[in-house]
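Trainee: This is input.pdb, which holds PDB, C-alpha atoms:
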ATOM      1  CA  MET A   1      22.796 -10.464  -8.960
ATOM      2  CA  LEU A   2      20.909  -8.042  -6.728
ATOM      3  CA  ASN A   3      22.873  -7.273  -3.577
ATOM      4  CA  LEU A   4      20.490  -6.196  -0.819
ATOM      5  CA  SER A   5      23.310  -4.817   1.297
ATOM      6  CA  ASP A   6      23.651  -2.010  -1.266
ATOM      7  CA  TYR A   7      20.174  -0.833  -0.262
ATOM      8  CA  ASP A   8      20.731  -0.738   3.461
ATOM      9  CA  PHE A   9      20.931   2.383   5.598
ATOM     10  CA  HIS A  10      20.704   3.203   9.285
ATOM     11  CA  LEU A  11      17.219   4.347  10.232
ATOM     12  CA  PRO A  12      16.975   5.711  13.800
ATOM     13  CA  GLU A  13      14.008   4.146  15.526
ATOM     14  CA  HIS A  14      12.575   7.501  16.609
ATOM     15  CA  LEU A  15      12.037   8.429  12.954
ATOM     16  CA  ILE A  16       9.432   5.672  12.493
ATOM     17  CA  SER A  17       6.210   7.583  13.017
ATOM     18  CA  GLN A  18       3.899   6.303  15.751
ATOM     19  CA  GLN A  19       0.911   8.525  15.059
ATOM     20  CA  PRO A  20      -0.760  10.391  12.210
ATOM     21  CA  TYR A  21      -0.469  14.101  11.588
ATOM     22  CA  HIS A  22      -3.366  16.066  13.068
ATOM     23  CA  ASN A  23      -3.782  17.665   9.648
ATOM     24  CA  ARG A  24      -3.037  15.280   6.800
ATOM     25  CA  THR A  25      -1.533  17.884   4.494
ATOM     26  CA  HIS A  26       0.860  19.310   7.091
ATOM     27  CA  CYS A  27       3.371  16.497   6.796
ATOM     28  CA  ASN A  28       6.762  17.193   5.249
ATOM     29  CA  LEU A  29       7.281  16.629   1.524
ATOM     30  CA  LEU A  30      10.659  16.006  -0.060
ATOM     31  CA  LYS A  31      10.787  16.692  -3.790
ATOM     32  CA  CYS A  32      13.459  15.182  -6.000
ATOM     33  CA  GLU A  33      13.632  16.294  -9.633
ATOM     34  CA  ASP A  34      16.694  16.289 -11.897
ATOM     35  CA  GLY A  35      18.735  15.211  -8.884
ATOM     36  CA  ILE A  36      17.812  18.369  -6.958
ATOM     37  CA  LEU A  37      16.270  17.956  -3.498
ATOM     38  CA  SER A  38      13.930  20.529  -1.998
ATOM     39  CA  ASP A  39      11.958  20.529   1.255
ATOM     40  CA  HIS A  40       8.279  21.448   1.452
ATOM     41  CA  LYS A  41       4.972  20.747   3.166
ATOM     42  CA  PHE A  42       2.502  18.423   1.494
ATOM     43  CA  TYR A  43       0.004  21.236   0.922
ATOM     44  CA  ASP A  44       2.652  22.799  -1.348
ATOM     45  CA  LEU A  45       1.892  20.033  -3.847
ATOM     46  CA  VAL A  46      -0.491  22.402  -5.630
ATOM     47  CA  ASP A  47       2.483  24.565  -6.589
ATOM     48  CA  LEU A  48       4.932  21.718  -7.219
ATOM     49  CA  ILE A  49       3.180  19.856 -10.038
ATOM     50  CA  ASP A  50       2.030  20.994 -13.474
ATOM     51  CA  ASP A  51      -1.572  22.059 -14.009
ATOM     52  CA  ASP A  52      -2.028  19.610 -16.908
ATOM     53  CA  CYS A  53      -0.867  16.436 -15.175
ATOM     54  CA  LEU A  54      -2.837  13.352 -14.115
ATOM     55  CA  LEU A  55      -2.755  12.010 -10.563
ATOM     56  CA  VAL A  56      -3.581   8.297 -10.263
ATOM     57  CA  PHE A  57      -4.977   7.155  -6.910
ATOM     58  CA  ASN A  58      -5.557   3.692  -5.468
ATOM     59  CA  ASN A  59      -9.094   3.965  -4.097
ATOM     60  CA  THR A  60      -9.079   0.718  -2.128
ATOM     61  CA  SER A  61     -10.594   0.632   1.364
ATOM     62  CA  VAL A  62      -8.905  -0.819   4.436
ATOM     63  CA  SER A  63     -11.043  -3.383   6.238
ATOM     64  CA  LYS A  64     -11.148  -4.045   9.969
ATOM     65  CA  ALA A  65      -9.470  -7.360   9.333
ATOM     66  CA  ARG A  66      -8.408  -8.396  12.852
ATOM     67  CA  TYR A  67     -10.901 -10.339  14.981
ATOM     68  CA  LEU A  68     -10.169 -11.209  18.619
ATOM     69  CA  PHE A  69     -11.969 -14.019  20.434
ATOM     70  CA  ASP A  70     -11.655 -16.031  23.613
ATOM     71  CA  TYR A  71     -10.391 -19.597  23.313
ATOM     72  CA  LYS A  72      -9.929 -21.716  26.445
ATOM     73  CA  GLY A  73      -9.530 -18.662  28.647
ATOM     74  CA  SER A  74      -6.986 -16.771  26.539
ATOM     75  CA  THR A  75      -7.251 -14.285  23.692
ATOM     76  CA  SER A  76      -6.807 -15.619  20.177
ATOM     77  CA  GLU A  77      -6.919 -13.728  16.890
ATOM     78  CA  ILE A  78      -8.016 -14.351  13.333
ATOM     79  CA  PHE A  79      -6.487 -11.923  10.853
ATOM     80  CA  PHE A  80      -8.561 -12.146   7.671
ATOM     81  CA  LEU A  81      -6.158 -11.758   4.743
ATOM     82  CA  GLU A  82      -8.145 -12.869   1.710
ATOM     83  CA  ASN A  83     -11.694 -13.897   0.852
ATOM     84  CA  LEU A  84     -11.420 -17.103  -1.169
ATOM     85  CA  GLY A  85     -15.142 -17.448  -1.812
ATOM     86  CA  GLN A  86     -17.669 -20.026  -0.590
ATOM     87  CA  ASN A  87     -17.231 -18.806   3.005
ATOM     88  CA  SER A  88     -13.513 -19.672   2.958
ATOM     89  CA  TYR A  89     -10.723 -17.294   3.965
ATOM     90  CA  ARG A  90      -6.954 -17.171   4.064
ATOM     91  CA  VAL A  91      -6.006 -15.978   7.569
ATOM     92  CA  PHE A  92      -3.290 -15.568  10.117
ATOM     93  CA  LEU A  93      -4.410 -17.607  13.115
ATOM     94  CA  ARG A  94      -2.656 -16.706  16.334
ATOM     95  CA  LYS A  95      -1.185 -19.777  18.070
ATOM     96  CA  SER A  96      -2.319 -21.863  15.121
ATOM     97  CA  SER A  97      -0.835 -25.034  16.625
ATOM     98  CA  LYS A  98      -3.761 -25.080  19.064
ATOM     99  CA  PHE A  99      -6.241 -25.383  16.187
ATOM    100  CA  LYS A 100      -6.477 -28.734  14.398
ATOM    101  CA  ILE A 101      -7.354 -29.361  10.762
ATOM    102  CA  GLY A 102     -10.915 -30.621  10.447
ATOM    103  CA  ASN A 103     -12.027 -29.346  13.849
ATOM    104  CA  GLN A 104     -14.706 -26.732  14.378
ATOM    105  CA  TYR A 105     -14.317 -23.783  16.734
ATOM    106  CA  ASP A 106     -16.939 -21.490  18.179
ATOM    107  CA  THR A 107     -16.407 -17.768  18.670
ATOM    108  CA  SER A 108     -19.080 -15.502  20.104
ATOM    109  CA  ASP A 109     -20.021 -14.441  16.554
ATOM    110  CA  PHE A 110     -19.432 -17.388  14.210
ATOM    111  CA  ILE A 111     -18.247 -20.986  13.934
ATOM    112  CA  PHE A 112     -15.256 -21.854  11.767
ATOM    113  CA  GLU A 113     -13.455 -24.975  10.612
ATOM    114  CA  VAL A 114      -9.728 -25.192   9.881
ATOM    115  CA  LEU A 115      -9.352 -26.597   6.367
ATOM    116  CA  GLU A 116      -5.645 -26.280   5.746
ATOM    117  CA  LYS A 117      -2.415 -25.062   7.296
ATOM    118  CA  GLN A 118       0.230 -23.506   5.094
ATOM    119  CA  HIS A 119       3.675 -22.044   5.779
ATOM    120  CA  LYS A 120       2.489 -18.990   7.699
ATOM    121  CA  THR A 121      -1.232 -18.878   7.028
ATOM    122  CA  CYS A 122      -4.305 -21.062   7.396
ATOM    123  CA  ILE A 123      -7.421 -21.628   5.331
ATOM    124  CA  ILE A 124     -10.629 -21.567   7.358
ATOM    125  CA  ARG A 125     -14.279 -21.933   6.424
ATOM    126  CA  VAL A 126     -17.127 -20.228   8.235
ATOM    127  CA  ILE A 127     -19.730 -22.997   8.583
ATOM    128  CA  ASP A 128     -22.734 -21.092   9.896
ATOM    129  CA  ASN A 129     -24.655 -18.290   8.214
ATOM    130  CA  SER A 130     -22.675 -15.448   9.792
ATOM    131  CA  ASN A 131     -21.756 -12.530   7.571
ATOM    132  CA  ILE A 132     -18.054 -12.006   8.257
ATOM    133  CA  GLY A 133     -18.176  -8.559   6.672
ATOM    134  CA  ASP A 134     -20.801  -7.451   9.182
ATOM    135  CA  VAL A 135     -18.917  -9.079  12.070
ATOM    136  CA  LEU A 136     -15.673  -7.313  11.188
ATOM    137  CA  SER A 137     -17.414  -4.008  10.583
ATOM    138  CA  ASP A 138     -18.914  -4.226  14.064
ATOM    139  CA  LYS A 139     -16.152  -5.891  16.080
ATOM    140  CA  GLY A 140     -13.038  -5.991  13.908
ATOM    141  CA  LEU A 141      -9.875  -4.012  14.538
ATOM    142  CA  VAL A 142      -7.952  -1.880  12.073
ATOM    143  CA  PRO A 143      -4.826  -3.756  10.914
ATOM    144  CA  LEU A 144      -2.322  -1.094  11.891
ATOM    145  CA  PRO A 145       1.335  -2.031  11.366
ATOM    146  CA  PRO A 146       2.660  -3.859  14.447
ATOM    147  CA  TYR A 147       5.246  -1.176  15.224
ATOM    148  CA  ILE A 148       2.464   1.344  15.988
ATOM    149  CA  LYS A 149       1.723   0.932  19.676
ATOM    150  CA  ILE A 150      -1.797   1.962  20.625
ATOM    151  CA  ASP A 151      -4.306   0.408  23.017
ATOM    152  CA  ASN A 152      -7.243   0.667  20.613
ATOM    153  CA  PRO A 153      -6.249   0.502  16.919
ATOM    154  CA  ASN A 154      -9.713   1.710  15.903
ATOM    155  CA  ASP A 155      -8.842   5.134  17.337
ATOM    156  CA  TYR A 156      -6.884   5.539  14.083
ATOM    157  CA  TYR A 157      -9.509   4.012  11.788
ATOM    158  CA  THR A 158     -10.277   7.282   9.986
ATOM    159  CA  ASP A 159      -6.613   8.297   9.881
ATOM    160  CA  TYR A 160      -5.666   4.964   8.248
ATOM    161  CA  GLN A 161      -8.195   5.411   5.432
ATOM    162  CA  THR A 162      -7.798   7.702   2.434
ATOM    163  CA  VAL A 163     -10.518  10.336   2.010
ATOM    164  CA  TYR A 164     -11.312   8.948  -1.468
ATOM    165  CA  ALA A 165     -11.467   5.243  -0.500
ATOM    166  CA  SER A 166     -14.451   3.621  -2.202
ATOM    167  CA  HIS A 167     -14.280  -0.175  -1.997
ATOM    168  CA  GLY A 168     -11.981  -3.084  -1.270
ATOM    169  CA  GLU A 169     -10.686  -5.393   1.433
ATOM    170  CA  SER A 170      -7.111  -4.208   1.882
ATOM    171  CA  VAL A 171      -5.287  -5.166   5.052
ATOM    172  CA  ALA A 172      -2.870  -2.243   4.776
ATOM    173  CA  ALA A 173      -3.426   1.325   3.646
ATOM    174  CA  PRO A 174      -2.078   2.798   0.403
ATOM    175  CA  THR A 175      -0.250   5.220   2.639
ATOM    176  CA  ALA A 176       0.828   7.845   0.077
ATOM    177  CA  GLY A 177      -2.829   8.748  -0.291
ATOM    178  CA  LEU A 178      -3.256   9.434   3.427
ATOM    179  CA  HIS A 179      -1.721  12.892   2.944
ATOM    180  CA  PHE A 180      -4.583  14.190   0.793
ATOM    181  CA  ASP A 181      -7.627  15.863   2.321
ATOM    182  CA  LEU A 182     -10.740  17.084   0.525
ATOM    183  CA  ASP A 183      -9.570  20.699   0.516
ATOM    184  CA  LEU A 184      -6.282  19.823  -1.204
ATOM    185  CA  LEU A 185      -8.095  17.698  -3.779
ATOM    186  CA  GLU A 186     -10.382  20.624  -4.578
ATOM    187  CA  LYS A 187      -7.428  22.988  -4.958
ATOM    188  CA  LEU A 188      -5.715  20.552  -7.325
ATOM    189  CA  LYS A 189      -8.891  20.267  -9.405
ATOM    190  CA  ALA A 190      -9.262  24.046  -9.503
ATOM    191  CA  LYS A 191      -5.704  24.296 -10.817
ATOM    192  CA  GLY A 192      -6.558  21.931 -13.662
ATOM    193  CA  VAL A 193      -5.002  18.704 -12.387
ATOM    194  CA  GLU A 194      -7.027  15.651 -13.427
ATOM    195  CA  PHE A 195      -7.582  12.432 -11.476
ATOM    196  CA  ALA A 196      -7.790   8.759 -12.401
ATOM    197  CA  TYR A 197      -8.231   5.715 -10.178
ATOM    198  CA  VAL A 198      -7.049   2.155  -9.894
ATOM    199  CA  ASN A 199      -8.085  -0.338  -7.243
ATOM    200  CA  LEU A 200      -5.407  -2.649  -5.894
ATOM    201  CA  THR A 201      -6.064  -4.746  -2.809
ATOM    202  CA  VAL A 202      -3.075  -4.108  -0.571
ATOM    203  CA  GLY A 203      -1.830  -7.214   1.222
ATOM    204  CA  LEU A 204       0.671  -7.580   4.025
ATOM    205  CA  GLY A 205       3.198  -8.778   1.481
ATOM    206  CA  THR A 206       3.694  -5.152   0.417
ATOM    207  CA  PHE A 207       5.711  -4.637   3.582
ATOM    208  CA  ALA A 208       7.232  -8.113   3.908
ATOM    209  CA  THR A 209      10.969  -8.599   4.215
ATOM    210  CA  LEU A 210      12.618  -9.544   0.944
ATOM    211  CA  SER A 211      13.856 -13.102   0.665
ATOM    212  CA  ASP A 212      16.390 -14.873  -1.531
ATOM    213  CA  GLU A 213      13.410 -16.600  -3.146
ATOM    214  CA  ASN A 214      11.954 -13.239  -4.227
ATOM    215  CA  ILE A 215      15.233 -12.287  -5.855
ATOM    216  CA  LYS A 216      15.734 -15.690  -7.493
ATOM    217  CA  GLU A 217      12.195 -15.869  -8.926
ATOM    218  CA  LYS A 218      11.950 -12.104  -9.603
ATOM    219  CA  LYS A 219       8.457 -12.153  -8.109
ATOM    220  CA  LEU A 220       6.790 -10.596  -5.107
ATOM    221  CA  HIS A 221       3.529 -11.412  -3.356
ATOM    222  CA  GLU A 222       0.427 -11.524  -5.520
ATOM    223  CA  GLU A 223      -2.142  -8.728  -5.307
ATOM    224  CA  THR A 224      -5.407  -8.313  -7.215
ATOM    225  CA  PHE A 225      -6.199  -5.079  -9.036
ATOM    226  CA  SER A 226      -8.661  -3.505 -11.412
ATOM    227  CA  LEU A 227      -8.451  -0.698 -13.958
ATOM    228  CA  LEU A 228     -11.793   0.510 -15.279
ATOM    229  CA  PRO A 229     -12.301   1.476 -18.955
ATOM    230  CA  GLN A 230     -12.903   5.184 -18.232
ATOM    231  CA  ASP A 231      -9.662   5.418 -16.252
ATOM    232  CA  ALA A 232      -7.680   3.503 -18.883
ATOM    233  CA  GLN A 233      -9.064   5.874 -21.511
ATOM    234  CA  LYS A 234      -7.942   8.912 -19.529
ATOM    235  CA  LEU A 235      -4.495   7.410 -18.925
ATOM    236  CA  ASN A 236      -4.052   6.646 -22.619
ATOM    237  CA  LYS A 237      -5.109  10.164 -23.572
ATOM    238  CA  PHE A 238      -2.445  11.680 -21.308
ATOM    239  CA  LYS A 239       0.130   9.156 -22.518
ATOM    240  CA  GLN A 240      -0.543   9.894 -26.189
ATOM    241  CA  GLU A 241      -0.443  13.647 -25.618
ATOM    242  CA  GLY A 242       2.856  13.442 -23.720
ATOM    243  CA  ARG A 243       1.339  14.924 -20.563
ATOM    244  CA  LYS A 244       2.668  13.894 -17.173
ATOM    245  CA  ILE A 245       1.183  10.997 -15.215
ATOM    246  CA  ILE A 246       1.962  10.828 -11.483
ATOM    247  CA  ALA A 247       1.214   7.691  -9.482
ATOM    248  CA  VAL A 248       0.069   8.279  -5.923
ATOM    249  CA  GLY A 249       1.738   5.433  -4.080
ATOM    250  CA  THR A 250       3.747   2.358  -4.963
ATOM    251  CA  THR A 251       0.531   0.318  -5.141
ATOM    252  CA  SER A 252      -0.811   2.590  -7.870
ATOM    253  CA  LEU A 253       2.488   2.345  -9.728
ATOM    254  CA  ARG A 254       2.516  -1.444  -9.372
ATOM    255  CA  CYS A 255      -0.974  -1.588 -10.834
ATOM    256  CA  LEU A 256      -0.188   0.759 -13.733
ATOM    257  CA  GLN A 257       2.962  -1.144 -14.696
ATOM    258  CA  SER A 258       0.951  -4.376 -14.693
ATOM    259  CA  ALA A 259      -1.971  -2.944 -16.682
ATOM    260  CA  PHE A 260       0.192  -1.494 -19.462
ATOM    261  CA  ASP A 261       0.557  -3.479 -22.690
ATOM    262  CA  PHE A 262       3.991  -2.616 -24.047
ATOM    263  CA  GLU A 263       3.260  -4.140 -27.460
ATOM    264  CA  LEU A 264       0.103  -2.063 -27.892
ATOM    265  CA  ASP A 265       1.733   0.873 -26.064
ATOM    266  CA  GLU A 266      -1.404   1.519 -24.019
ATOM    267  CA  PHE A 267      -3.133   0.867 -20.720
ATOM    268  CA  VAL A 268      -5.647  -1.969 -20.938
ATOM    269  CA  PRO A 269      -8.728  -2.040 -18.672
ATOM    270  CA  GLN A 270      -8.827  -5.291 -16.719
ATOM    271  CA  GLN A 271      -9.352  -7.176 -13.496
ATOM    272  CA  ASN A 272      -6.219  -9.136 -12.812
ATOM    273  CA  SER A 273      -3.467  -9.949 -10.353
ATOM    274  CA  THR A 274       0.208  -9.041 -10.299
ATOM    275  CA  GLU A 275       3.428 -10.407  -8.856
ATOM    276  CA  ILE A 276       5.589  -7.703 -10.432
ATOM    277  CA  PHE A 277       8.883  -7.006  -8.660
ATOM    278  CA  ILE A 278      10.536  -3.738  -9.701
ATOM    279  CA  TYR A 279      14.171  -3.256  -8.756
ATOM    280  CA  PRO A 280      17.340  -1.762 -10.282
ATOM    281  CA  PRO A 281      18.171  -1.733 -13.071
ATOM    282  CA  PHE A 282      14.685  -1.015 -14.468
ATOM    283  CA  ASP A 283      13.830   1.866 -16.737
ATOM    284  CA  ASN A 284      10.587   0.876 -18.431
ATOM    285  CA  PHE A 285       8.294   3.034 -16.317
ATOM    286  CA  VAL A 286       4.896   4.113 -17.634
ATOM    287  CA  VAL A 287       4.569   7.161 -15.370
ATOM    288  CA  ASP A 288       6.539  10.379 -14.987
ATOM    289  CA  GLY A 289       6.223  10.907 -11.252
ATOM    290  CA  LEU A 290       5.599   9.118  -7.990
ATOM    291  CA  ILE A 291       4.285  10.305  -4.652
ATOM    292  CA  THR A 292       5.198   7.912  -1.864
ATOM    293  CA  ASN A 293       6.138   7.644   1.786
ATOM    294  CA  PHE A 294       9.590   6.851   3.152
ATOM    295  CA  HIS A 295      10.214   3.115   3.313
ATOM    296  CA  LEU A 296      12.420   0.763   5.264
ATOM    297  CA  PRO A 297      15.963  -0.256   4.263
ATOM    298  CA  LYS A 298      16.359  -3.365   2.100
ATOM    299  CA  SER A 299      12.610  -3.410   1.393
ATOM    300  CA  SER A 300      11.005  -4.046  -1.992
ATOM    301  CA  LEU A 301       9.567  -0.527  -1.799
ATOM    302  CA  PHE A 302      12.980   1.101  -1.390
ATOM    303  CA  LEU A 303      14.244  -0.980  -4.317
ATOM    304  CA  LEU A 304      11.330   0.307  -6.398
ATOM    305  CA  ILE A 305      12.268   3.896  -5.496
ATOM    306  CA  SER A 306      15.890   3.147  -6.378
ATOM    307  CA  ALA A 307      14.811   1.878  -9.783
ATOM    308  CA  PHE A 308      12.565   4.891 -10.346
ATOM    309  CA  ILE A 309      15.104   7.656  -9.750
ATOM    310  CA  GLY A 310      18.374   5.713  -9.606
ATOM    311  CA  SER A 311      20.036   4.006  -6.667
ATOM    312  CA  LYS A 312      22.469   6.831  -5.928
ATOM    313  CA  LYS A 313      19.780   9.521  -5.969
ATOM    314  CA  ALA A 314      17.461   7.392  -3.838
ATOM    315  CA  MET A 315      20.119   6.904  -1.182
ATOM    316  CA  GLN A 316      20.990  10.617  -1.249
ATOM    317  CA  ALA A 317      17.328  11.525  -0.793
ATOM    318  CA  TYR A 318      16.884   9.142   2.125
ATOM    319  CA  LEU A 319      20.062  10.241   3.898
ATOM    320  CA  HIS A 320      18.913  13.851   3.457
ATOM    321  CA  ALA A 321      15.554  12.942   4.981
ATOM    322  CA  ILE A 322      17.185  11.173   7.920
ATOM    323  CA  GLU A 323      19.468  14.141   8.565
ATOM    324  CA  LEU A 324      16.456  16.497   8.626
ATOM    325  CA  GLU A 325      14.466  13.976  10.708
ATOM    326  CA  TYR A 326      11.670  13.304   8.281
ATOM    327  CA  LYS A 327       9.266  10.676   9.604
ATOM    328  CA  PHE A 328       9.190   7.247   7.991
ATOM    329  CA  TYR A 329       6.595   4.621   7.147
ATOM    330  CA  SER A 330       2.782   4.558   7.236
ATOM    331  CA  PHE A 331       2.052   7.715   9.235
ATOM    332  CA  GLY A 332       5.254   9.437   8.179
ATOM    333  CA  ASP A 333       6.223  12.077   5.643
ATOM    334  CA  ALA A 334       6.110  11.967   1.842
ATOM    335  CA  CYS A 335       8.274  12.253  -1.262
ATOM    336  CA  LEU A 336       7.578  13.520  -4.741
ATOM    337  CA  PHE A 337       9.917  11.905  -7.256
ATOM    338  CA  MET A 338       9.892  13.168 -10.850
ATOM    339  CA  ARG A 339      11.707  11.461 -13.699
TER     340      ARG A 339
END
Is it possible to express this structure as structure tokens?

Mentor:
Amino acid sequence: MLNLSDYDFHLPEHLISQQPYHNRTHCNLLKCEDGILSDHKFYDLVDLIDDDCLLVFNNTSVSKARYLFDYKGSTSEIFFLENLGQNSYRVFLRKSSKFKIGNQYDTSDFIFEVLEKQHKTCIIRVIDNSNIGDVLSDKGLVPLPPYIKIDNPNDYYTDYQTVYASHGESVAAPTAGLHFDLDLLEKLKAKGVEFAYVNLTVGLGTFATLSDENIKEKKLHEETFSLLPQDAQKLNKFKQEGRKIIAVGTTSLRCLQSAFDFELDEFVPQQNSTEIFIYPPFDNFVVDGLITNFHLPKSSLFLLISAFIGSKKAMQAYLHAIELEYKFYSFGDACLFMR
């Protein structure tokens, strides 16, 4: 039975980063390979990985998913989590008890009806012809993590988006990718490093607190993903040739593990969803390396790291980072873990 207390550690609050680095590549980078820890800057990545490896990026985009509106003289919020089709959306609705099922409510930009209330979320339907995508693009707020205190979240809109983001409706950034800028990508290409892409829509569940139900069912939140044929082909080529594949971010790794057919021993192009929960002991990884940020204690992400390099090594790496005051979480520093 998984014991979460074994994956707890003291994280000083001042190590949770409140703001992005002025230069993306100037964050700290902790490398762990063969149990040896070494301290670097992220721009050193060019010298730290082989010239014939494959980096796999999650090219999802973060949407301005938070919409504020006035209701009876006070500010309410709709946090758009998922587009369900036919003008229906799964949302967080602030002070949801004020909104009744079957009633219609008028914001300054659209009219919505509450269809259903669930445990923590609601289902709403937009009943006029408003384009919610256009509304959010114009008036929505970036869904920064709640621990980042800033008057206007959109001040960090560019910082909370990877430079290679292409499409998607994620409500959280694939934060490992935030450390790359265009110059570093060009230097990696010039060295001979190749790139492949997945697209996984990052939901808030990525950062949710683990529950006994997660552990009992061995499942996490569900997230949709896609792997295109040209990227699957490149991944399979590297796999067959025994060349190293490095996932950029836990979301990329989650996608790759879900898109790999272990009977066929190959990556299969697909559009699908995954509830995969990776925790120790797990040793059936389909990649050789992982670039990721520093995560919170007792989180599913720290358990994934512990499975990837071993629980003892993961704890040693994190205690080393805390001692040297690495920054944690979305705007924090990075790790390079090699198996």

Trainee: I would like the residues chosen by the PyMOL selection byres ((chain A and resi 324) around 12) on the shown file; could you give them as a PyMOL selection string?

Mentor: chain A and resi 12+15+28-30+38-40+317-323+325-328+333

Trainee: Can you tell me which residues surround A:Thr107 at a distance of at most 8 Å, considering only C-alpha atoms, apart from same-chain residues fewer than 3 positions away, and format the answer as a PyMOL selection string?

Mentor: chain A and resi 69-71+110-111

Trainee: Find the spatial neighbours of A:Asp181, counting all atoms listed in the file, within a cut-off of 12 Å - ignore same-chain residues fewer than 3 positions away - and output them as a list in words.

Mentor: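 Final neighbour list, sorted by chain and number: Tyr21, His22, Asn23, Arg24, Thr25, His26, Cys27, Phe42, Tyr43, Thr158, Asp159, Gln161, Thr162, Val163, Tyr164, Ala165, Ala176, Gly177, Leu178, Leu184, Leu185, Glu186, Lys187 and Leu188 of chain A.
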
Trainee: Take the residues from that selection and put them in a file with C-alpha atoms, as a PDB file, in the coordinates of the input.

Mentor:
ATOM      1  CA  TYR A  21      -0.469  14.101  11.588  1.00  0.00           C
ATOM      2  CA  HIS A  22      -3.366  16.066  13.068  1.00  0.00           C
ATOM      3  CA  ASN A  23      -3.782  17.665   9.648  1.00  0.00           C
ATOM      4  CA  ARG A  24      -3.037  15.280   6.800  1.00  0.00           C
ATOM      5  CA  THR A  25      -1.533  17.884   4.494  1.00  0.00           C
ATOM      6  CA  HIS A  26       0.860  19.310   7.091  1.00  0.00           C
ATOM      7  CA  CYS A  27       3.371  16.497   6.796  1.00  0.00           C
ATOM      8  CA  PHE A  42       2.502  18.423   1.494  1.00  0.00           C
ATOM      9  CA  TYR A  43       0.004  21.236   0.922  1.00  0.00           C
ATOM     10  CA  THR A 158     -10.277   7.282   9.986  1.00  0.00           C
ATOM     11  CA  ASP A 159      -6.613   8.297   9.881  1.00  0.00           C
ATOM     12  CA  GLN A 161      -8.195   5.411   5.432  1.00  0.00           C
ATOM     13  CA  THR A 162      -7.798   7.702   2.434  1.00  0.00           C
ATOM     14  CA  VAL A 163     -10.518  10.336   2.010  1.00  0.00           C
ATOM     15  CA  TYR A 164     -11.312   8.948  -1.468  1.00  0.00           C
ATOM     16  CA  ALA A 165     -11.467   5.243  -0.500  1.00  0.00           C
ATOM     17  CA  ALA A 176       0.828   7.845   0.077  1.00  0.00           C
ATOM     18  CA  GLY A 177      -2.829   8.748  -0.291  1.00  0.00           C
ATOM     19  CA  LEU A 178      -3.256   9.434   3.427  1.00  0.00           C
ATOM     20  CA  LEU A 184      -6.282  19.823  -1.204  1.00  0.00           C
ATOM     21  CA  LEU A 185      -8.095  17.698  -3.779  1.00  0.00           C
ATOM     22  CA  GLU A 186     -10.382  20.624  -4.578  1.00  0.00           C
ATOM     23  CA  LYS A 187      -7.428  22.988  -4.958  1.00  0.00           C
ATOM     24  CA  LEU A 188      -5.715  20.552  -7.325  1.00  0.00           C
TER      25      LEU A 188
END

Trainee: So which one's closest to A:Asp109, A:Leu68, A:Ile124, A:Cys255, A:Leu144? Using all atoms listed in the file, please.

Mentor: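 Using all atoms listed in the file, A:Asp109 sits closest to A:Leu68.
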
Trainee: Please indicate the distance in Å from atom CA of A:Ile278 to atom CA of A:Glu222, rounded to one decimal place.

Mentor: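 Interatomic distance here is 13.4 Å.
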
Trainee: Counting all atoms listed in the file, figure out which residue out of A:Ile132, A:Leu304, A:Ile150, A:Leu81 gets nearest to A:Pro20.

Mentor: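 Among A:Ile132, A:Leu304, A:Ile150, A:Leu81, it is A:Ile150 that comes nearest to A:Pro20.
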
Trainee: Restricting the calculation to all atoms listed in the file, which member of A:Asp51, A:Asp283, A:Asp128, A:Asp155 is positioned closest to A:Val193?

Mentor: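 Closest candidate: A:Asp51.
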
Trainee: Find the residues around A:Ala173 up to 7 Å (all atoms listed in the file counted), leave out those fewer than 5 positions away in its own chain, and share them as a list in words.

Mentor: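 Returned residues: Val62, Tyr160, Gln161 and Val202 of chain A.
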
Trainee: Here's the selection I'm unsure about, the PyMOL selection byres ((chain A and resi 196) around 12); applied to the file above, which residues does it give, as a VMD selection string?

Mentor: chain A and resid 53 to 59 164 189 193 to 195 197 to 199 227 to 238 245 to 248 252 256

Trainee: So how many Å separate atom CA of A:Val171 and atom CA of A:Thr201, to one decimal?

Mentor: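 So the answer is 7.9 Å.
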
Trainee: With distances taken over all atoms listed in the file, which of A:Phe99, A:Tyr329, A:Tyr147, A:Phe294 is nearest to A:Met315?

Mentor: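 Going through A:Phe99, A:Tyr329, A:Tyr147, A:Phe294 one by one, the smallest distance to A:Met315 is for A:Phe294.
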
Trainee: Please compute the atom CA of A:Pro143-atom CA of A:Ser61 distance, one decimal, in Å.

Mentor: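 Separation between atom CA of A:Pro143 and atom CA of A:Ser61: 12.0 Å.
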
Trainee: Which residue is closest to A:Leu48? Choose from A:Arg125, A:Lys191, A:Arg90, A:His10 and count all atoms listed in the file.

Mentor: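 Of A:Arg125, A:Lys191, A:Arg90, A:His10, the one nearest A:Leu48 is A:Lys191, counting all atoms listed in the file.
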
Trainee: List, as a list in words, every residue that the PyMOL selection byres ((chain A and resi 82) around 9) selects in the file provided.

Mentor: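 Applied to this file, the PyMOL selection byres ((chain A and resi 82) around 9) returns Phe80, Leu81, Asn83, Leu84, Ser88, Tyr89, Arg90, Val91, Glu169, Ser170, Val171 and Gly203 of chain A.
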
Trainee: Taking only C-alpha atoms into account, name the residue in A:Thr175, A:Glu77, A:Ile101, A:Asn87 that is nearest to A:Asn129.

Mentor: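 The closest residue to A:Asn129 is A:Asn87.
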
Trainee: Please provide as a list in words all residues within 10 Å of A:Lys313, with the sequence filter that same-chain residues fewer than 6 positions apart are discarded (counting only C-alpha atoms).

Mentor: Cys32, Glu33, Asp34, Gly35, Ile36, Leu37, Ile305, Ser306, Ala307 and Leu319 of chain A
